[in-house]
Amino acid sequence: MGATKHNWTKDEILEIYNKPLMELLYQAATVHREQHDPNTVQVSTLLSIKTGGCSEDCGYCPQAARYHTNIEGNDLMSVQQVKAQALRAKDSGSSRVCMGAAWRNVKDGEEFDQVLEMVRTINKLDMEVCCTLGMLTENQAKRLAEAGLYAYNHNLDSSEEYYKEVISTRGFEDRLQTIDNVRKTNVTVCSGGIIGMGEKVEDRAGMLVALSTLNPQPESVPINALVAVEGTPLEDQEPVSIWEMVRMVATTRIVMPETQVRLSAGRTQMTQEGQAMCFFAGANSIFAGDKLLTTPNPDVNEDMKMFDLLGLNSQKPFTKKVQPQTVEATDSQYQDLGEKPKWSRPGHTIERNEAAKEKAKADK
Ligand code: SF4
């Protein structure tokens with residue numbers, strides 16, 4: 001078992017990605033077996049605690065208010081609603097609940113306090129708790145850690161270069177800053193991206209350079225295949241082939257041996273054989289539940305049947321790291337600072353984002 005390498009270059013990663021497939025699979029499966037039990041897969045449930053109405057212009061996202069999509073928005077869920085859903089997820093075999101809110105960034109105040117209470121509640125159910133709430137300050141990260149957060153998700157989405165072709169309202173540097181803020185706590189980092197947005201293979205490698213050169217590397221890396229939703233700027237993108245997905249998973253496994261590689265959006269477009277190949281190539285985490293925030297996902301019973309068929313087991317919670325302690329709000333060391341951080345807004349023009357926005361206006 002060699003030491004984890006933190007200085008991967010784009011050329012080295014491209015060389016791995018482009019290897020003959022059998023060679024790539026063999027290498028990835030070997031690395032996987034050195035670091036992980038190949039028959040264990042971590043299962044998370046993703047819960048959209050606040051859906052839609054987002055101010056950002058992410059070209060892949062049906063939750064951006066400026067595009068015309070058919071998703072039903074909802075305000076922040078109550079703590080009781082979240083608890084009920086978490087219990088259901090636990091019953092169906094999930095070890096982690098990931099709560100997503102369609103926010104640009106976290107704002108101190110009542111809603112964030114409510115999310116902190118959700119974190120406390122789920123941690124007390126002995127499940128790993130993850131949040132994805134947008135950009136985050138150091139104090140906010142510390143408050144989440146104190147509530148018992150296990151992981152924070154903040155995807156880089158793509159390479160720094162291609163990110164600019166997809167999003168104009170938030171900057172790549174701020175993504176890295178948020179990850180850095182999470183690293184100032186004991187909360188683990190979940191960060192990955194999406195393939196199939198029209199990027200080149202070089203961009204996929206560029207994203208893996210950005211992730212693998214973080215030290216430490218993210219504990220979890222979701223690899224999503226774009227689900228092209230009507231009304232979004234990327235609605236006409238062709239689905240990625242299973243071979244691209246397998247290559248991406250295998251390459252991620254090789255360059256980040258210790259991380260949990262998560263097969264995320266796009267599983268409904270994959271056969272069981274395709275998913276099995278991804279598990280062989282090193283994927284060892286999935287999202288369960290019939291929805292991934294707003295896009296479809298395989299039914300949990302189908303997933304459990306697939307696990308039976310392939311002889312896979314669900315990973316128990318807190319296998320990789322001990323359960324964090326929960327500090328009650330009344331005993332908190334950290335205050336609501338009423339922070340209003342100025343996260344960047346690059347504001348350049350992305351033609352297809354503008355076109356989708358204009359179309360949505362015309363449709364109203
Ligand atoms: S990806 Fe997140 S930040 Fe971007 S539009 Fe969707 S909800 Fe908003």
# chains A, B, ... in the order shown; residues from 1 in each chain; ligands from 1

$ residues_near_ligand --ligand "ligand 1" --cutoff "9 Å" --atoms "only C-alpha atoms and all ligand atoms" --output "VMD selection string"
chain A and resid 51 to 66 100 to 105 132 to 135 167 169 to 170

$ residues_around --residues "region 254-257 of chain A" --least-positions-apart "5" --cutoff "8 Å" --atoms "only C-alpha atoms" --output "count of residues only"
12

$ residues_around --residues "Asp126 (chain A)" --least-positions-apart "3" --cutoff "8 Å" --atoms "only C-alpha atoms" --output "PyMOL selection string"
chain A and resi 122-123+317+323

$ residues_around --residues "Ile16 (chain A)" --least-positions-apart "5" --cutoff "9 Å" --atoms "only C-alpha atoms" --output "ChimeraX atom specification"
/A:11,24,247,250-251,254

$ atom_distance --atom1 "CA of Lys107 (chain A)" --atom2 "CA of Gln85 (chain A)"
24.4 Å

$ atom_distance --atom1 "CA of Asp75 (chain A)" --atom2 "CA of Arg175 (chain A)"
24.7 Å

$ closest_atom_pairs --of "region 62-122 of chain A" --to "region 326-347 of chain A" --cutoff "9 Å" --atoms "only C-alpha atoms" --output "Markdown table"
| residue | atom | partner | partner_atom | distance |
| --- | --- | --- | --- | --- |
| A:Asn105 | CA | A:Trp343 | CA | 8.3 |
| A:Lys107 | CA | A:Glu339 | CA | 7.1 |
| A:Asp108 | CA | A:Gly338 | CA | 5.3 |
| A:Gly109 | CA | A:Gly338 | CA | 7.0 |
| A:Asp113 | CA | A:Ala329 | CA | 8.7 |
| A:Leu116 | CA | A:Ala329 | CA | 8.4 |
| A:Glu117 | CA | A:Ala329 | CA | 8.0 |
| A:Val119 | CA | A:Thr326 | CA | 8.7 |
| A:Arg120 | CA | A:Thr326 | CA | 6.0 |

$ write_last_selection --atoms "N, CA and C atoms" --output "PDB file, in the first residue's frame"
ATOM      1  N   ASN A 105     -25.357  30.431  -0.603  1.00  0.00           N
ATOM      2  CA  ASN A 105     -24.459  30.290   0.548  1.00  0.00           C
ATOM      3  C   ASN A 105     -25.312  30.259   1.810  1.00  0.00           C
ATOM      4  N   LYS A 107     -26.666  31.553   5.224  1.00  0.00           N
ATOM      5  CA  LYS A 107     -26.832  32.863   5.884  1.00  0.00           C
ATOM      6  C   LYS A 107     -27.157  32.592   7.345  1.00  0.00           C
ATOM      7  N   ASP A 108     -26.453  33.286   8.243  1.00  0.00           N
ATOM      8  CA  ASP A 108     -26.773  33.134   9.660  1.00  0.00           C
ATOM      9  C   ASP A 108     -28.217  33.555   9.880  1.00  0.00           C
ATOM     10  N   GLY A 109     -28.849  32.968  10.879  1.00  0.00           N
ATOM     11  CA  GLY A 109     -30.238  33.347  11.176  1.00  0.00           C
ATOM     12  C   GLY A 109     -31.083  32.121  11.463  1.00  0.00           C
ATOM     13  N   ASP A 113     -30.197  28.090  11.921  1.00  0.00           N
ATOM     14  CA  ASP A 113     -30.395  27.472  13.252  1.00  0.00           C
ATOM     15  C   ASP A 113     -31.245  26.198  13.118  1.00  0.00           C
ATOM     16  N   LEU A 116     -29.145  23.442  11.819  1.00  0.00           N
ATOM     17  CA  LEU A 116     -28.278  22.926  12.885  1.00  0.00           C
ATOM     18  C   LEU A 116     -29.060  21.944  13.764  1.00  0.00           C
ATOM     19  N   GLU A 117     -30.326  22.263  14.007  1.00  0.00           N
ATOM     20  CA  GLU A 117     -31.165  21.369  14.816  1.00  0.00           C
ATOM     21  C   GLU A 117     -31.408  20.051  14.067  1.00  0.00           C
ATOM     22  N   VAL A 119     -29.302  18.678  12.044  1.00  0.00           N
ATOM     23  CA  VAL A 119     -28.041  17.928  12.161  1.00  0.00           C
ATOM     24  C   VAL A 119     -27.994  17.228  13.517  1.00  0.00           C
ATOM     25  N   ARG A 120     -28.326  17.956  14.571  1.00  0.00           N
ATOM     26  CA  ARG A 120     -28.316  17.338  15.920  1.00  0.00           C
ATOM     27  C   ARG A 120     -29.266  16.143  15.953  1.00  0.00           C
TER      28      ARG A 120
END

$ select_by_dssp --residues "region 78-278 of chain A" --states "helix (DSSP H, G or I)" --output "MDAnalysis selection string"
chainID A and resid 79:91 110:123 138:147 160:163 172:183 201:212 242:255 267:269 272:278

$ residues_around --residues "Gly206 (chain A)" --least-positions-apart "6" --cutoff "8 Å" --atoms "only C-alpha atoms" --output "PyMOL selection string"
chain A and resi 10+158-160

$ write_last_selection --atoms "C-alpha atoms" --output "mmCIF file, in the first residue's frame"
data_model
loop_
_atom_site.group_PDB
_atom_site.id
_atom_site.type_symbol
_atom_site.label_atom_id
_atom_site.label_comp_id
_atom_site.auth_asym_id
_atom_site.auth_seq_id
_atom_site.Cartn_x
_atom_site.Cartn_y
_atom_site.Cartn_z
ATOM 1 C CA LYS A 10 -3.172 16.511 -15.805
ATOM 2 C CA SER A 158 -15.678 20.461 -13.403
ATOM 3 C CA SER A 159 -12.203 21.796 -14.174
ATOM 4 C CA GLU A 160 -11.595 25.433 -13.266
#

$ atom_distance --atom1 "CA of Ala228 (chain A)" --atom2 "CA of Asn155 (chain A)"
17.9 Å

$ closest_residue --among "A:Lys364, A:Lys359, A:Lys320, A:Lys305" --to "His36 (chain A)" --atoms "only C-alpha atoms"
A:Lys320

$ closest_residue --among "A:Glu244, A:Glu173, A:Asp203, A:Asp157" --to "Val221 (chain A)" --atoms "only C-alpha atoms"
A:Asp157

$ residues_around --residues "region 269-286 of chain A" --least-positions-apart "5" --cutoff "9 Å" --atoms "only C-alpha atoms" --output "short mmCIF file (atom, residue, chain, number, x, y, z; two decimals) with C-alpha atoms, in the first residue's frame"
data_model
loop_
_atom_site.label_atom_id
_atom_site.label_comp_id
_atom_site.auth_asym_id
_atom_site.auth_seq_id
_atom_site.Cartn_x
_atom_site.Cartn_y
_atom_site.Cartn_z
CA LEU A 24 -7.46 0.44 -16.41
CA LEU A 25 -10.04 -1.81 -14.71
CA TYR A 26 -7.36 -4.16 -13.40
CA GLN A 27 -5.30 -1.31 -11.95
CA ALA A 28 -8.31 0.41 -10.38
CA ALA A 29 -9.67 -2.82 -8.88
CA THR A 30 -6.22 -3.59 -7.43
CA VAL A 31 -5.96 -0.16 -5.77
CA HIS A 32 -9.52 -0.56 -4.55
CA ARG A 33 -8.81 -3.92 -2.87
CA HIS A 36 -11.32 -1.05 0.84
CA ASP A 37 -13.51 -4.10 1.20
CA PRO A 38 -14.64 -4.60 -2.43
CA ASN A 39 -17.95 -6.11 -1.31
CA THR A 40 -19.05 -3.18 0.86
CA VAL A 41 -20.81 -0.12 -0.50
CA GLN A 42 -21.84 2.92 1.51
CA VAL A 43 -25.47 3.96 1.02
CA SER A 44 -26.61 7.56 1.49
CA THR A 45 -30.04 9.12 1.19
CA SER A 220 -15.82 11.25 -0.52
CA PRO A 222 -19.28 11.91 -6.05
CA VAL A 227 -29.21 14.29 -16.11
CA PRO A 239 -26.08 11.21 -22.03
CA SER A 241 -21.81 6.42 -22.21
CA ILE A 242 -21.22 3.79 -19.55
CA TRP A 243 -17.63 3.51 -20.78
CA MET A 245 -18.49 6.64 -16.50
CA VAL A 246 -16.39 3.52 -15.87
CA ARG A 247 -13.22 5.31 -17.00
CA VAL A 249 -14.72 6.10 -11.72
CA ALA A 250 -11.59 3.97 -12.27
CA THR A 251 -9.36 7.02 -12.72
CA THR A 252 -10.80 8.66 -9.61
CA ARG A 253 -10.14 5.45 -7.65
CA ILE A 254 -6.51 5.30 -8.80
CA PRO A 257 -7.14 5.55 -3.34
CA GLN A 260 -15.15 6.75 -1.13
CA VAL A 261 -16.03 7.16 -4.80
CA ARG A 262 -19.75 7.77 -5.07
CA LEU A 263 -21.81 6.75 -8.06
CA SER A 264 -24.29 9.60 -8.02
CA MET A 306 -28.94 -5.45 -7.02
CA LEU A 310 -23.86 -8.85 -6.65
CA SER A 314 -24.23 -1.85 2.97
CA GLN A 315 -21.51 -0.13 4.96
#

$ residues_around --residues "Leu144 (chain A)" --least-positions-apart "3" --cutoff "9 Å" --atoms "only C-alpha atoms" --output "CSV table (one decimal) with C-alpha atoms, in the first residue's frame"
chain,number,residue,atom,x,y,z
A,115,VAL,CA,-30.6,23.2,9.9
A,116,LEU,CA,-28.3,22.9,12.9
A,119,VAL,CA,-28.0,17.9,12.2
A,131,CYS,CA,-25.1,18.8,4.4
A,139,ASN,CA,-17.6,30.0,11.8
A,140,GLN,CA,-20.6,28.4,10.1
A,141,ALA,CA,-18.5,25.3,9.4
A,147,ALA,CA,-24.0,20.1,16.0
A,148,GLY,CA,-22.5,16.8,14.9
A,149,LEU,CA,-22.1,17.1,11.2
A,150,TYR,CA,-20.1,14.2,9.7
A,187,VAL,CA,-16.1,17.5,9.4

$ closest_residue --among "A:Leu76, A:Val97, A:Leu125, A:Val189" --to "Asn215 (chain A)" --atoms "only C-alpha atoms"
A:Val189
